[in-house]
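Following: one structure in structure tokens, then a few remarks.
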Amino acid sequence: MIPISACIITKNESANLEQCLAALSAYPFEIVVVDTGSTDDSKEIARKYTDKVYDFTWVDDFSAARNYAAGHASHNMIFPVDTDEFITQLDWEELQSQIEQHSKSVGSIKRLDYFETDGEKRCQICMIDRIYHRKYYHYEKPIHEVLAPLGRTPYASYTTSIEMDHVGYLGQGNKLKDKAMRDMELLKKELAQNPEEPYYYFQIAQSYMLMRDTENSLLYFQKAMDRHPNPQADYTHILVYNYGHLLLEKGLLTQAAILTDYYEYYSNNMDYLCLIGLYYLHLNQPLKALPEFVKALTAPERDMTDHREPSYYIGYIYELFGKKDIARTHYLNCGADYAPAVEALTRLGHPSE
């Protein structure tokens with residue numbers, strides 16, 4: 001067996017920590033917990049699951065804390081975990097095989113990020129590089145830290161069998177605001193040193209979204225776009241999606257024309273195709289919108305868009321055309337629990353059950 005150390009950094013999140021550690025303890029991980037200054041019972045909870053509990057004096061640097069935790073692990077294969085992340089799926093034998101085949105590469109996990117929009121719980125799917133060999137990689141950047149190769153090791157990644165829920169964006173508004181303000185303070189320090197890096201503008205915009213401040217969020221998304229982010233960077237498609245929806249919500253259709261510039265890069269992504277379809281609908285061009293939603297039905301990639309959204313908008317467009325029977329079929333394809341489709345079926349005089 002290839003031994004793996006699950007390394008956690010935490011502060012004052014005892015409720016989440018209990019759930020996180022309970023999920024990890026179902027598998028033969030070594031568990032390392034690094035506390036960065038908790039005043040609750042986090043360390044007591046951690047000691048229920050491991051004797052490897054350490055203190056780290058916070059220095060406004062998440063990478064430093066991550067690397068400190070990895071340094072206290074007994075094993076070279078490291079699996080960093082956040083306190084608000086809970087394993088939901090893991091095939092241990094498959095993971096062992098994957099690591100054996102890719103010992104000098106970084107293993108990515110599928111993470112489901114939950115958040116609320118207008119009182120509705122939604123989910124964004126992210127692939128995040130996590131499992132690594134500490135002789136070949138370490139963390140860099142003080143905020144929104146990233147793995148980077150040590151020496152001349154070429155960066156390579158593979159997909160593991162791990163899936164996790166992430167609940168860090170759920171909760172009371174004050175708690176989320178405090179978290180966003182903490183992140184923003186660190187991001188602005190980084191931005192002062194590298195003012196042309198679009199990634200930092202993107203992350204500041206994301207923090208403003210967490211604070212429900214759409215005006216500043218839009219401003220910083222625009223600053224990120226003005227600096228021509230690499231379309232193939234792992235964050236750019238989220239930037240385009242969030243920026244695009246804010247533009248459409250505010251009726252800024254002239255600015256939204258830039259969204260189509262990314263078609264060659266994201267035409268296999270349901271989120272992007274639905275965004276382009278919505279853009280054409282806002283332009284009152286349903287004939288252009290329809291094929292985008294049709295393509296979205298079978299798009300192989302999806303981040304946060306509800307998988308029923310393409311069917312709903314196909315039905316909506318056919319309803320605009322007066323093709324009520326075809327519209328009903330697509331609304332029914334959404335299922336009985338998709339509220340917009342239920343409302344549409346009621347409007348068409350069809351039973352909503």
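Order determines the names: the first chain of the structure tokens is A, the second B, and so forth; residues in each chain are numbered 1 upward, and ligands are numbered 1 upward as they are shown.
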Using only C-alpha atoms, find each residue of segment 211-271 of chain A with at least one atom at most 12 Å away from an atom of segment 124-128 of chain A; report its shortest atom-to-atom pair and that distance in Å (one decimal), sort the rows by chain and rising residue number, and return the result as JSON lines.
```
{"residue": "A:Asp234", "atom": "CA", "partner": "A:Met127", "partner_atom": "CA", "distance": 8.9}
{"residue": "A:Tyr235", "atom": "CA", "partner": "A:Cys126", "partner_atom": "CA", "distance": 9.8}
{"residue": "A:His237", "atom": "CA", "partner": "A:Cys126", "partner_atom": "CA", "distance": 11.2}
{"residue": "A:Ile238", "atom": "CA", "partner": "A:Gln124", "partner_atom": "CA", "distance": 9.7}
{"residue": "A:Tyr241", "atom": "CA", "partner": "A:Gln124", "partner_atom": "CA", "distance": 11.5}
{"residue": "A:Asn242", "atom": "CA", "partner": "A:Gln124", "partner_atom": "CA", "distance": 11.6}
{"residue": "A:Asn269", "atom": "CA", "partner": "A:Ile125", "partner_atom": "CA", "distance": 11.9}
{"residue": "A:Met270", "atom": "CA", "partner": "A:Ile125", "partner_atom": "CA", "distance": 11.8}
{"residue": "A:Asp271", "atom": "CA", "partner": "A:Gln124", "partner_atom": "CA", "distance": 10.1}
```
Spatial neighbours of Tyr132 of chain A, 9 Å, only C-alpha atoms, chain gap at least 3 places, as a PDB file with N, CA and C atoms, in the first residue's frame:
```pdb
ATOM      1  N   ASN A  76       5.375  10.660   2.219  1.00  0.00           N
ATOM      2  CA  ASN A  76       5.678  11.615   1.150  1.00  0.00           C
ATOM      3  C   ASN A  76       4.457  11.990   0.315  1.00  0.00           C
ATOM      4  N   MET A  77       3.476  11.087   0.230  1.00  0.00           N
ATOM      5  CA  MET A  77       2.289  11.390  -0.567  1.00  0.00           C
ATOM      6  C   MET A  77       1.324  12.188   0.302  1.00  0.00           C
ATOM      7  N   ILE A  78       1.007  13.409  -0.147  1.00  0.00           N
ATOM      8  CA  ILE A  78       0.247  14.355   0.652  1.00  0.00           C
ATOM      9  C   ILE A  78      -1.111  14.633   0.009  1.00  0.00           C
ATOM     10  N   PHE A  79      -2.133  14.653   0.863  1.00  0.00           N
ATOM     11  CA  PHE A  79      -3.490  14.991   0.419  1.00  0.00           C
ATOM     12  C   PHE A  79      -3.984  16.159   1.274  1.00  0.00           C
ATOM     13  N   PRO A  80      -3.822  17.415   0.817  1.00  0.00           N
ATOM     14  CA  PRO A  80      -4.314  18.559   1.582  1.00  0.00           C
ATOM     15  C   PRO A  80      -5.844  18.606   1.558  1.00  0.00           C
ATOM     16  N   ILE A  99      -2.137   6.433  -8.193  1.00  0.00           N
ATOM     17  CA  ILE A  99      -0.917   7.030  -7.659  1.00  0.00           C
ATOM     18  C   ILE A  99       0.315   6.256  -8.131  1.00  0.00           C
ATOM     19  N   SER A 103       3.248   8.551 -10.127  1.00  0.00           N
ATOM     20  CA  SER A 103       3.879   8.883  -8.852  1.00  0.00           C
ATOM     21  C   SER A 103       4.501  10.277  -8.828  1.00  0.00           C
ATOM     22  N   LYS A 104       4.876  10.820  -9.981  1.00  0.00           N
ATOM     23  CA  LYS A 104       5.497  12.143 -10.033  1.00  0.00           C
ATOM     24  C   LYS A 104       4.538  13.219 -10.554  1.00  0.00           C
ATOM     25  N   SER A 105       3.249  12.893 -10.605  1.00  0.00           N
ATOM     26  CA  SER A 105       2.233  13.831 -11.068  1.00  0.00           C
ATOM     27  C   SER A 105       1.316  14.218  -9.917  1.00  0.00           C
ATOM     28  N   VAL A 106       0.447  15.183 -10.167  1.00  0.00           N
ATOM     29  CA  VAL A 106      -0.486  15.678  -9.150  1.00  0.00           C
ATOM     30  C   VAL A 106      -1.878  15.125  -9.437  1.00  0.00           C
ATOM     31  N   GLY A 107      -2.508  14.552  -8.425  1.00  0.00           N
ATOM     32  CA  GLY A 107      -3.849  13.991  -8.588  1.00  0.00           C
ATOM     33  C   GLY A 107      -4.925  15.027  -8.329  1.00  0.00           C
ATOM     34  N   ASP A 129      -6.410  20.265  -8.317  1.00  0.00           N
ATOM     35  CA  ASP A 129      -5.214  19.453  -8.107  1.00  0.00           C
ATOM     36  C   ASP A 129      -4.892  19.405  -6.620  1.00  0.00           C
ATOM     37  N   LYS A 135       8.325  15.455  -2.397  1.00  0.00           N
ATOM     38  CA  LYS A 135       9.677  15.622  -2.932  1.00  0.00           C
ATOM     39  C   LYS A 135       9.672  16.299  -4.299  1.00  0.00           C
ATOM     40  N   TYR A 136       8.498  16.336  -4.918  1.00  0.00           N
ATOM     41  CA  TYR A 136       8.419  16.888  -6.269  1.00  0.00           C
ATOM     42  C   TYR A 136       7.616  18.185  -6.357  1.00  0.00           C
ATOM     43  N   TYR A 137       6.758  18.462  -5.357  1.00  0.00           N
ATOM     44  CA  TYR A 137       5.897  19.646  -5.412  1.00  0.00           C
ATOM     45  C   TYR A 137       5.797  20.301  -4.042  1.00  0.00           C
ATOM     46  N   HIS A 138       5.441  21.577  -4.057  1.00  0.00           N
ATOM     47  CA  HIS A 138       5.105  22.291  -2.827  1.00  0.00           C
ATOM     48  C   HIS A 138       4.124  23.405  -3.186  1.00  0.00           C
ATOM     49  N   LEU A 147      -0.156  24.475  -6.285  1.00  0.00           N
ATOM     50  CA  LEU A 147       0.974  23.560  -6.272  1.00  0.00           C
ATOM     51  C   LEU A 147       1.936  23.913  -7.400  1.00  0.00           C
TER      52      LEU A 147
END
```
Check the DSSP output for the backbone and give back, as a PDB file with C-alpha atoms, in the first residue's frame, the residues of segment 52-205 of chain A in helix (DSSP H, G or I).
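Below is the file states_5.pdb, written as the result:
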```pdb
ATOM      1  CA  PHE A  62      -1.766  29.792   3.252  1.00  0.00           C
ATOM      2  CA  SER A  63       1.090  28.185   1.318  1.00  0.00           C
ATOM      3  CA  ALA A  64       3.383  28.464   4.331  1.00  0.00           C
ATOM      4  CA  ALA A  65       0.764  26.713   6.471  1.00  0.00           C
ATOM      5  CA  ARG A  66       0.191  24.007   3.838  1.00  0.00           C
ATOM      6  CA  ASN A  67       3.909  23.308   3.533  1.00  0.00           C
ATOM      7  CA  TYR A  68       4.306  23.289   7.308  1.00  0.00           C
ATOM      8  CA  ALA A  69       1.585  20.632   7.570  1.00  0.00           C
ATOM      9  CA  ALA A  70       3.179  18.521   4.829  1.00  0.00           C
ATOM     10  CA  GLY A  71       6.504  18.775   6.662  1.00  0.00           C
ATOM     11  CA  TRP A  92      -9.117   3.301  -2.190  1.00  0.00           C
ATOM     12  CA  GLU A  93      -7.812   0.500  -4.422  1.00  0.00           C
ATOM     13  CA  GLU A  94      -8.388   2.596  -7.529  1.00  0.00           C
ATOM     14  CA  LEU A  95      -6.638   5.575  -5.908  1.00  0.00           C
ATOM     15  CA  GLN A  96      -3.663   3.367  -5.042  1.00  0.00           C
ATOM     16  CA  SER A  97      -3.418   2.211  -8.637  1.00  0.00           C
ATOM     17  CA  GLN A  98      -3.662   5.763  -9.959  1.00  0.00           C
ATOM     18  CA  ILE A  99      -0.917   7.030  -7.659  1.00  0.00           C
ATOM     19  CA  GLU A 100       1.327   4.104  -8.588  1.00  0.00           C
ATOM     20  CA  GLN A 101       0.914   4.934 -12.282  1.00  0.00           C
ATOM     21  CA  GLY A 173     -23.870  36.568   5.698  1.00  0.00           C
ATOM     22  CA  ASN A 174     -21.606  38.023   8.385  1.00  0.00           C
ATOM     23  CA  LYS A 175     -19.408  34.930   8.456  1.00  0.00           C
ATOM     24  CA  LEU A 176     -19.083  34.932   4.666  1.00  0.00           C
ATOM     25  CA  LYS A 177     -18.307  38.642   4.664  1.00  0.00           C
ATOM     26  CA  ASP A 178     -15.552  38.180   7.243  1.00  0.00           C
ATOM     27  CA  LYS A 179     -14.042  35.396   5.147  1.00  0.00           C
ATOM     28  CA  ALA A 180     -14.235  37.501   1.979  1.00  0.00           C
ATOM     29  CA  MET A 181     -12.643  40.507   3.695  1.00  0.00           C
ATOM     30  CA  ARG A 182      -9.781  38.356   4.994  1.00  0.00           C
ATOM     31  CA  ASP A 183      -9.125  36.961   1.524  1.00  0.00           C
ATOM     32  CA  MET A 184      -9.406  40.367  -0.096  1.00  0.00           C
ATOM     33  CA  GLU A 185      -6.822  41.903   2.193  1.00  0.00           C
ATOM     34  CA  LEU A 186      -4.291  39.256   1.181  1.00  0.00           C
ATOM     35  CA  LEU A 187      -5.244  39.467  -2.498  1.00  0.00           C
ATOM     36  CA  LYS A 188      -4.758  43.218  -2.613  1.00  0.00           C
ATOM     37  CA  LYS A 189      -1.264  42.797  -1.165  1.00  0.00           C
ATOM     38  CA  GLU A 190      -0.475  40.392  -3.995  1.00  0.00           C
ATOM     39  CA  LEU A 191      -2.061  42.731  -6.527  1.00  0.00           C
ATOM     40  CA  ALA A 192       0.141  45.621  -5.400  1.00  0.00           C
ATOM     41  CA  GLN A 193       3.176  43.528  -6.314  1.00  0.00           C
ATOM     42  CA  PRO A 198      -5.720  38.986 -14.087  1.00  0.00           C
ATOM     43  CA  TYR A 199      -6.004  36.108 -11.596  1.00  0.00           C
ATOM     44  CA  TYR A 200      -5.914  38.455  -8.607  1.00  0.00           C
ATOM     45  CA  TYR A 201      -8.620  40.713 -10.057  1.00  0.00           C
ATOM     46  CA  PHE A 202     -10.734  37.608 -10.657  1.00  0.00           C
ATOM     47  CA  GLN A 203     -10.335  36.404  -7.069  1.00  0.00           C
ATOM     48  CA  ILE A 204     -11.145  39.862  -5.675  1.00  0.00           C
ATOM     49  CA  ALA A 205     -14.298  39.863  -7.817  1.00  0.00           C
TER      50      ALA A 205
END
```
### Query
Among segment 116-319 of chain A, which residues carry a DSSP assignment of strand (DSSP E), reported as number ranges by chain?
A: 116-117, 120-133, 137-140, 146-149, 157-166
### Task
Write out as a list in words each polymer residue whose atoms come within 9 Å of segment 243-259 of chain A, counting only C-alpha atoms; drop sequence neighbours fewer than 2 positions from it.
Thr214, Ser217, Leu218, Phe221, Gln222, Met225, Ile238, Leu239, Val240, Tyr241, Asp261, Tyr262, Tyr263, Tyr272, Leu275, Ile276, Leu278, Tyr279, His282 and Leu283 of chain A
### Query
Which residues come within 8 Å of Asp84 of chain A, counting only C-alpha atoms, excluding same-chain residues fewer than 2 positions away, as number ranges by chain?
A: 16-17, 20, 82, 86, 166-168
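If only C-alpha atoms are the atoms counted, then among A:Thr160, A:Asn333, A:Asn284, A:Gln232 the closest residue to Glu264 of chain A is A:Gln232.
Shortest atom-to-atom contact with Asp226 of chain A among A:Ala344, A:Tyr208, A:Glu196, A:Val59: A:Glu196, counting only C-alpha atoms.
Of note, atom CA of Tyr338 of chain A and atom CA of Arg308 of chain A are spaced 7.7 Å apart.
Distances here use only C-alpha atoms; by that measure, the residue among A:Ile314, A:Leu112, A:Met211, A:Ala336 closest to Arg302 of chain A is A:Leu112.
When atom CA of Val34 of chain A is paired with atom CA of Glu85 of chain A, their separation reads 15.4 Å.
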### Task
Work out how far apart atom CA of Arg347 of chain A and atom CA of Leu281 of chain A are and give it in Å to one decimal.
20.0 Å
### Query
With only C-alpha atoms as the basis for distance, which of A:Val32, A:Pro340, A:Thr298, A:Gly277 is at the shortest distance from Ile317 of chain A?
A:Gly277
